[in-house]
Amino acid sequence: MSVYETILVEIHDKVGLVRLNRPKALNALNSTLLGELVAALQILDADTSVGAIVVTGSERAFAAGADIKEMVDASAVEMLLRDFISQIDGIRSIKKPVIAAVSGWCLGGGNELAMSCDMIVASDTARFGQPEINLGVIPGAGGTQRLARTVGKAVAMEMVLNNRTLSALEAQQFGLVNRVVPVDCYLEEALSLAAEIANRAPLAIRFGKDAINQAFETFLADGLADERRSFYFLFSTDDQQEGMQAFIEKRDPEWKGV
Ligand code: CAA
């Protein structure tokens, strides 16, 4: 089904899989790739047969950052007008859970892309970093904001100011990564986690994702009020009735997504 130049899209039962596919450039994120990625995610988000999405790269590199060759000669005004980074923001608008399956290099914009996803499953060979300081710039797609909120100020400072890279186990220890598994099964692990989630009540998944993301974007009182409204709203769905009846009747629920 892939009609793209820089990504491959597959469907595995209820899970959409997007593979970044610029192997010669270690999946460096050029504007074509980011545009195609967001377009593919939006199509999968709108596909009612898909319940969760996995984004992956190759064993060698999830993505080695924004494409330096595409940026090297750009002026500030050209960068501003081109604004390719705002495409990464497009990932925030995806309503279904998105899991990054990361192996090898996960650097700069690659790490920012992984952090824009909802969860990260890493291979034990993954390395996470924000090396922009080596290029005379700073991260521009969340590598100071999301990173500091995730790993804390101390580690974020070392990563952004001194190019500290994290091993997969360190990334897990600092809360950046959900799971670390051997390199030969990281994609299967991510697909199986996505499949488990895809088989749960779709509306509750959607509201749960949205509520957790709000925890990073709003005041606690607003987040709590919104969470409560969402909780009450879910009592208008068939799946709430089904989930609670199934519990009482000691059977598995059958979700309808309404
Ligand atoms: N942009 C463009 N091309 C890249 C790239 C990038 N970010 N990263 C790697 N490549 C290319 C290399 O130029 C090389 O291409 P050629 O064969 O045509 O020379 C190819 O991918 C393989 O790379 P290496 O030969 O360098 O492979 P390596 O195994 O020796 O090193 C690496 C791997 C450590 C990841 C190294 O490639 C590297 O340091 N890459 C750059 C990482 C980086 O600085 N990322 C931040 C980019 S800026 C950013 O992301 C800004 C932002 O916040 C949005």
# chains A, B, ... in the order shown; residues from 1 in each chain; ligands from 1
call {"tool": "closest_atom_pairs", "arguments": {"of": "chain A", "to": "ligand 1", "cutoff": "6 Å", "atoms": "only C-alpha atoms and all ligand atoms", "output": "CSV"}}
result
residue,atom,partner,partner_atom_place_in_ligand_line,distance
A:Lys24,CA,ligand 1,20 (C),5.5
A:Ala25,CA,ligand 1,21 (O),3.5
A:Leu26,CA,ligand 1,21 (O),4.9
A:Ala28,CA,ligand 1,6 (C),4.8
A:Ala64,CA,ligand 1,8 (N),4.7
A:Gly65,CA,ligand 1,50 (O),3.7
A:Ala66,CA,ligand 1,50 (O),3.7
A:Asp67,CA,ligand 1,1 (N),3.4
A:Ile68,CA,ligand 1,1 (N),3.9
A:Lys69,CA,ligand 1,2 (C),5.1
A:Trp105,CA,ligand 1,35 (C),5.7
A:Leu107,CA,ligand 1,45 (N),5.3
A:Gly108,CA,ligand 1,50 (O),3.6
A:Gly109,CA,ligand 1,50 (O),3.6
A:Pro131,CA,ligand 1,44 (O),5.1
A:Glu132,CA,ligand 1,46 (C),5.0
A:Pro139,CA,ligand 1,53 (O),3.5
A:Gly140,CA,ligand 1,53 (O),4.1
A:Ala141,CA,ligand 1,54 (C),5.1
call {"tool": "write_last_selection", "arguments": {"atoms": "N, CA, C and O atoms", "output": "mmCIF file, in the first residue's frame"}}
result
data_model
loop_
_atom_site.group_PDB
_atom_site.id
_atom_site.type_symbol
_atom_site.label_atom_id
_atom_site.label_comp_id
_atom_site.auth_asym_id
_atom_site.auth_seq_id
_atom_site.Cartn_x
_atom_site.Cartn_y
_atom_site.Cartn_z
ATOM 1 N N LYS A 24 20.326 5.236 3.612
ATOM 2 C CA LYS A 24 21.659 5.791 3.313
ATOM 3 C C LYS A 24 21.948 7.022 4.153
ATOM 4 O O LYS A 24 23.103 7.376 4.366
ATOM 5 N N ALA A 25 20.913 7.707 4.610
ATOM 6 C CA ALA A 25 21.095 8.913 5.435
ATOM 7 C C ALA A 25 20.732 8.640 6.894
ATOM 8 O O ALA A 25 20.457 9.580 7.655
ATOM 9 N N LEU A 26 20.737 7.373 7.294
ATOM 10 C CA LEU A 26 20.366 6.988 8.663
ATOM 11 C C LEU A 26 19.027 7.593 9.066
ATOM 12 O O LEU A 26 18.841 8.057 10.189
ATOM 13 N N ALA A 28 17.712 10.365 8.340
ATOM 14 C CA ALA A 28 17.686 11.805 8.640
ATOM 15 C C ALA A 28 16.348 12.373 8.166
ATOM 16 O O ALA A 28 15.840 12.016 7.101
ATOM 17 N N ALA A 64 18.769 9.797 12.656
ATOM 18 C CA ALA A 64 19.973 10.512 13.125
ATOM 19 C C ALA A 64 19.757 12.021 13.162
ATOM 20 O O ALA A 64 20.714 12.785 13.123
ATOM 21 N N GLY A 65 18.498 12.441 13.226
ATOM 22 C CA GLY A 65 18.229 13.876 13.401
ATOM 23 C C GLY A 65 17.686 14.519 12.151
ATOM 24 O O GLY A 65 17.455 13.855 11.126
ATOM 25 N N ALA A 66 17.463 15.826 12.259
ATOM 26 C CA ALA A 66 17.048 16.586 11.076
ATOM 27 C C ALA A 66 18.146 16.470 10.027
ATOM 28 O O ALA A 66 19.317 16.241 10.360
ATOM 29 N N ASP A 67 17.765 16.645 8.752
ATOM 30 C CA ASP A 67 18.727 16.464 7.670
ATOM 31 C C ASP A 67 19.657 17.674 7.583
ATOM 32 O O ASP A 67 19.250 18.761 7.156
ATOM 33 N N ILE A 68 20.893 17.460 8.006
ATOM 34 C CA ILE A 68 21.858 18.565 8.081
ATOM 35 C C ILE A 68 22.154 19.105 6.682
ATOM 36 O O ILE A 68 22.292 20.318 6.487
ATOM 37 N N LYS A 69 22.183 18.193 5.705
ATOM 38 C CA LYS A 69 22.506 18.632 4.332
ATOM 39 C C LYS A 69 21.403 19.527 3.770
ATOM 40 O O LYS A 69 21.668 20.395 2.942
ATOM 41 N N TRP A 105 20.781 4.620 16.449
ATOM 42 C CA TRP A 105 20.851 6.061 16.717
ATOM 43 C C TRP A 105 19.465 6.689 16.792
ATOM 44 O O TRP A 105 18.635 6.493 15.902
ATOM 45 N N LEU A 107 18.801 10.400 17.508
ATOM 46 C CA LEU A 107 19.530 11.647 17.801
ATOM 47 C C LEU A 107 18.770 12.876 17.305
ATOM 48 O O LEU A 107 18.085 12.821 16.274
ATOM 49 N N GLY A 108 18.976 13.981 18.004
ATOM 50 C CA GLY A 108 18.437 15.260 17.556
ATOM 51 C C GLY A 108 16.948 15.165 17.263
ATOM 52 O O GLY A 108 16.156 14.711 18.098
ATOM 53 N N GLY A 109 16.583 15.563 16.027
ATOM 54 C CA GLY A 109 15.178 15.487 15.627
ATOM 55 C C GLY A 109 14.623 14.062 15.722
ATOM 56 O O GLY A 109 13.417 13.880 15.881
ATOM 57 N N PRO A 131 22.541 16.032 19.880
ATOM 58 C CA PRO A 131 23.897 16.502 19.566
ATOM 59 C C PRO A 131 23.954 17.849 18.852
ATOM 60 O O PRO A 131 25.002 18.217 18.328
ATOM 61 N N GLU A 132 22.841 18.600 18.834
ATOM 62 C CA GLU A 132 22.807 19.847 18.059
ATOM 63 C C GLU A 132 23.917 20.811 18.462
ATOM 64 O O GLU A 132 24.374 21.617 17.648
ATOM 65 N N PRO A 139 18.409 22.081 20.031
ATOM 66 C CA PRO A 139 17.251 21.347 19.518
ATOM 67 C C PRO A 139 16.129 22.322 19.195
ATOM 68 O O PRO A 139 15.969 23.336 19.873
ATOM 69 N N GLY A 140 15.346 21.984 18.154
ATOM 70 C CA GLY A 140 14.275 22.903 17.753
ATOM 71 C C GLY A 140 12.906 22.259 17.689
ATOM 72 O O GLY A 140 11.939 22.896 17.294
ATOM 73 N N ALA A 141 12.815 20.979 18.079
ATOM 74 C CA ALA A 141 11.524 20.287 17.940
ATOM 75 C C ALA A 141 11.134 19.592 19.246
ATOM 76 O O ALA A 141 10.615 18.483 19.237
#
call {"tool": "closest_atom_pairs", "arguments": {"of": "segment 9-121 of chain A", "to": "segment 165-174 of chain A", "cutoff": "12 Å", "atoms": "only C-alpha atoms", "output": "Markdown table"}}
result
| residue | atom | partner | partner_atom | distance |
| --- | --- | --- | --- | --- |
| A:Ala101 | CA | A:Ala168 | CA | 11.9 |
| A:Val102 | CA | A:Ala168 | CA | 9.3 |
| A:Ser103 | CA | A:Ala168 | CA | 8.9 |
| A:Gly104 | CA | A:Ala168 | CA | 9.3 |
| A:Trp105 | CA | A:Thr165 | CA | 9.8 |
| A:Cys106 | CA | A:Thr165 | CA | 9.4 |
| A:Leu107 | CA | A:Thr165 | CA | 8.6 |
| A:Gly108 | CA | A:Thr165 | CA | 10.5 |
| A:Asn111 | CA | A:Thr165 | CA | 10.8 |
| A:Met115 | CA | A:Ala171 | CA | 11.6 |
| A:Met119 | CA | A:Gln172 | CA | 11.3 |
| A:Ile120 | CA | A:Gln172 | CA | 9.3 |
| A:Val121 | CA | A:Gln172 | CA | 9.4 |
call {"tool": "atom_distance", "arguments": {"atom1": "atom CA of Leu33 of chain A", "atom2": "atom CA of Leu20 of chain A"}}
result
7.6 Å
call {"tool": "select_by_dssp", "arguments": {"residues": "segment 69-195 of chain A", "states": "helix (DSSP H, G or I)", "output": "compact mmCIF listing (two decimals) with C-alpha atoms, in the first residue's frame"}}
result
# COMPACT_ATOMS: atom_id res chain seq x y z
CA LYS A 69 22.51 18.63 4.33
CA GLU A 70 19.08 20.15 3.75
CA MET A 71 19.68 22.88 6.38
CA ALA A 76 17.18 32.15 9.36
CA VAL A 77 14.37 33.57 7.24
CA GLU A 78 14.38 30.53 4.96
CA MET A 79 14.26 28.24 8.02
CA LEU A 80 11.39 30.26 9.45
CA LEU A 81 9.41 30.22 6.20
CA ARG A 82 10.16 26.57 5.51
CA SER A 86 6.11 22.31 12.76
CA GLN A 87 5.45 19.07 10.88
CA ILE A 88 6.66 17.20 13.98
CA ASP A 89 3.95 19.11 15.89
CA GLY A 90 1.47 17.37 13.58
CA ILE A 91 2.16 14.16 15.49
CA ARG A 92 0.60 15.74 18.58
CA SER A 93 -2.74 15.87 16.81
CA GLY A 109 15.18 15.49 15.63
CA GLY A 110 15.04 11.67 15.80
CA ASN A 111 14.86 11.78 19.58
CA GLU A 112 12.38 14.65 19.34
CA LEU A 113 10.25 12.54 17.01
CA ALA A 114 10.42 9.58 19.42
CA MET A 115 9.43 11.87 22.30
CA SER A 116 6.45 13.15 20.27
CA PRO A 131 23.90 16.50 19.57
CA GLU A 132 22.81 19.85 18.06
CA ILE A 133 25.40 21.64 20.20
CA ASN A 134 28.07 20.04 17.96
CA LEU A 135 26.50 21.87 15.01
CA GLN A 145 11.06 21.10 26.44
CA ARG A 146 9.87 17.50 26.21
CA LEU A 147 13.28 16.18 27.21
CA ALA A 148 13.49 18.31 30.39
CA ARG A 149 9.95 17.33 31.36
CA THR A 150 10.81 13.66 30.83
CA VAL A 151 14.36 13.07 32.09
CA LYS A 153 16.70 19.26 34.27
CA ALA A 154 20.01 17.69 35.30
CA VAL A 155 20.19 15.06 32.57
CA ALA A 156 18.59 17.32 29.93
CA MET A 157 21.27 19.97 30.58
CA GLU A 158 24.06 17.43 30.05
CA MET A 159 22.44 16.09 26.89
CA VAL A 160 21.74 19.48 25.29
CA LEU A 161 24.81 21.39 26.49
CA ASN A 162 27.40 18.63 26.39
CA ALA A 168 18.80 2.28 26.27
CA LEU A 169 18.99 1.22 29.90
CA GLU A 170 19.86 4.76 31.04
CA ALA A 171 16.97 6.09 28.96
CA GLN A 172 14.67 3.64 30.70
CA GLN A 173 16.08 4.57 34.11
CA VAL A 183 17.66 -5.94 19.35
CA ASP A 184 16.23 -8.96 17.54
CA CYS A 185 12.77 -8.45 19.05
CA TYR A 186 12.25 -4.70 19.65
CA LEU A 187 9.86 -4.30 16.72
CA GLU A 188 7.85 -7.40 17.66
CA GLU A 189 7.66 -6.09 21.23
CA ALA A 190 6.37 -2.70 20.05
CA LEU A 191 3.86 -4.34 17.68
CA SER A 192 2.63 -6.64 20.41
CA LEU A 193 2.23 -3.73 22.88
CA ALA A 194 0.37 -1.79 20.18
CA ALA A 195 -1.85 -4.82 19.44
call {"tool": "residues_around", "arguments": {"residues": "Gly16 of chain A", "least_positions_apart": "5", "cutoff": "7 Å", "atoms": "only C-alpha atoms", "output": "list in words"}}
result
Glu10, Ile11, Leu44, Val50, Ala52, Ile53 and Val54 of chain A
call {"tool": "residues_around", "arguments": {"residues": "segment 224-235 of chain A", "least_positions_apart": "4", "cutoff": "8 Å", "atoms": "only C-alpha atoms", "output": "PyMOL selection string"}}
result
chain A and resi 203-204+207+211+220+240-241
call {"tool": "atom_distance", "arguments": {"atom1": "atom CA of Arg179 of chain A", "atom2": "atom CA of Glu196 of chain A"}}
result
14.9 Å
call {"tool": "select_by_dssp", "arguments": {"residues": "segment 34-75 of chain A", "states": "strand (DSSP E)", "output": "ChimeraX atom specification"}}
result
/A:52-56,61-63
call {"tool": "closest_residue", "arguments": {"among": "A:Pro97, A:Gly136, A:Gly129, A:Pro182", "to": "Ile212 of chain A", "atoms": "only C-alpha atoms"}}
result
A:Pro97
call {"tool": "closest_residue", "arguments": {"among": "A:Phe216, A:Phe84, A:Tyr4, A:Phe62", "to": "Ser31 of chain A", "atoms": "only C-alpha atoms"}}
result
A:Phe84
call {"tool": "closest_residue", "arguments": {"among": "A:Val72, A:Val181, A:Val258, A:Ile99", "to": "Leu41 of chain A", "atoms": "only C-alpha atoms"}}
result
A:Ile99
call {"tool": "atom_distance", "arguments": {"atom1": "atom CA of Leu37 of chain A", "atom2": "atom CA of Thr218 of chain A"}}
result
27.5 Å
call {"tool": "closest_residue", "arguments": {"among": "A:Arg19, A:Arg200, A:Lys256, A:Arg206", "to": "Ala100 of chain A", "atoms": "only C-alpha atoms"}}
result
A:Arg19
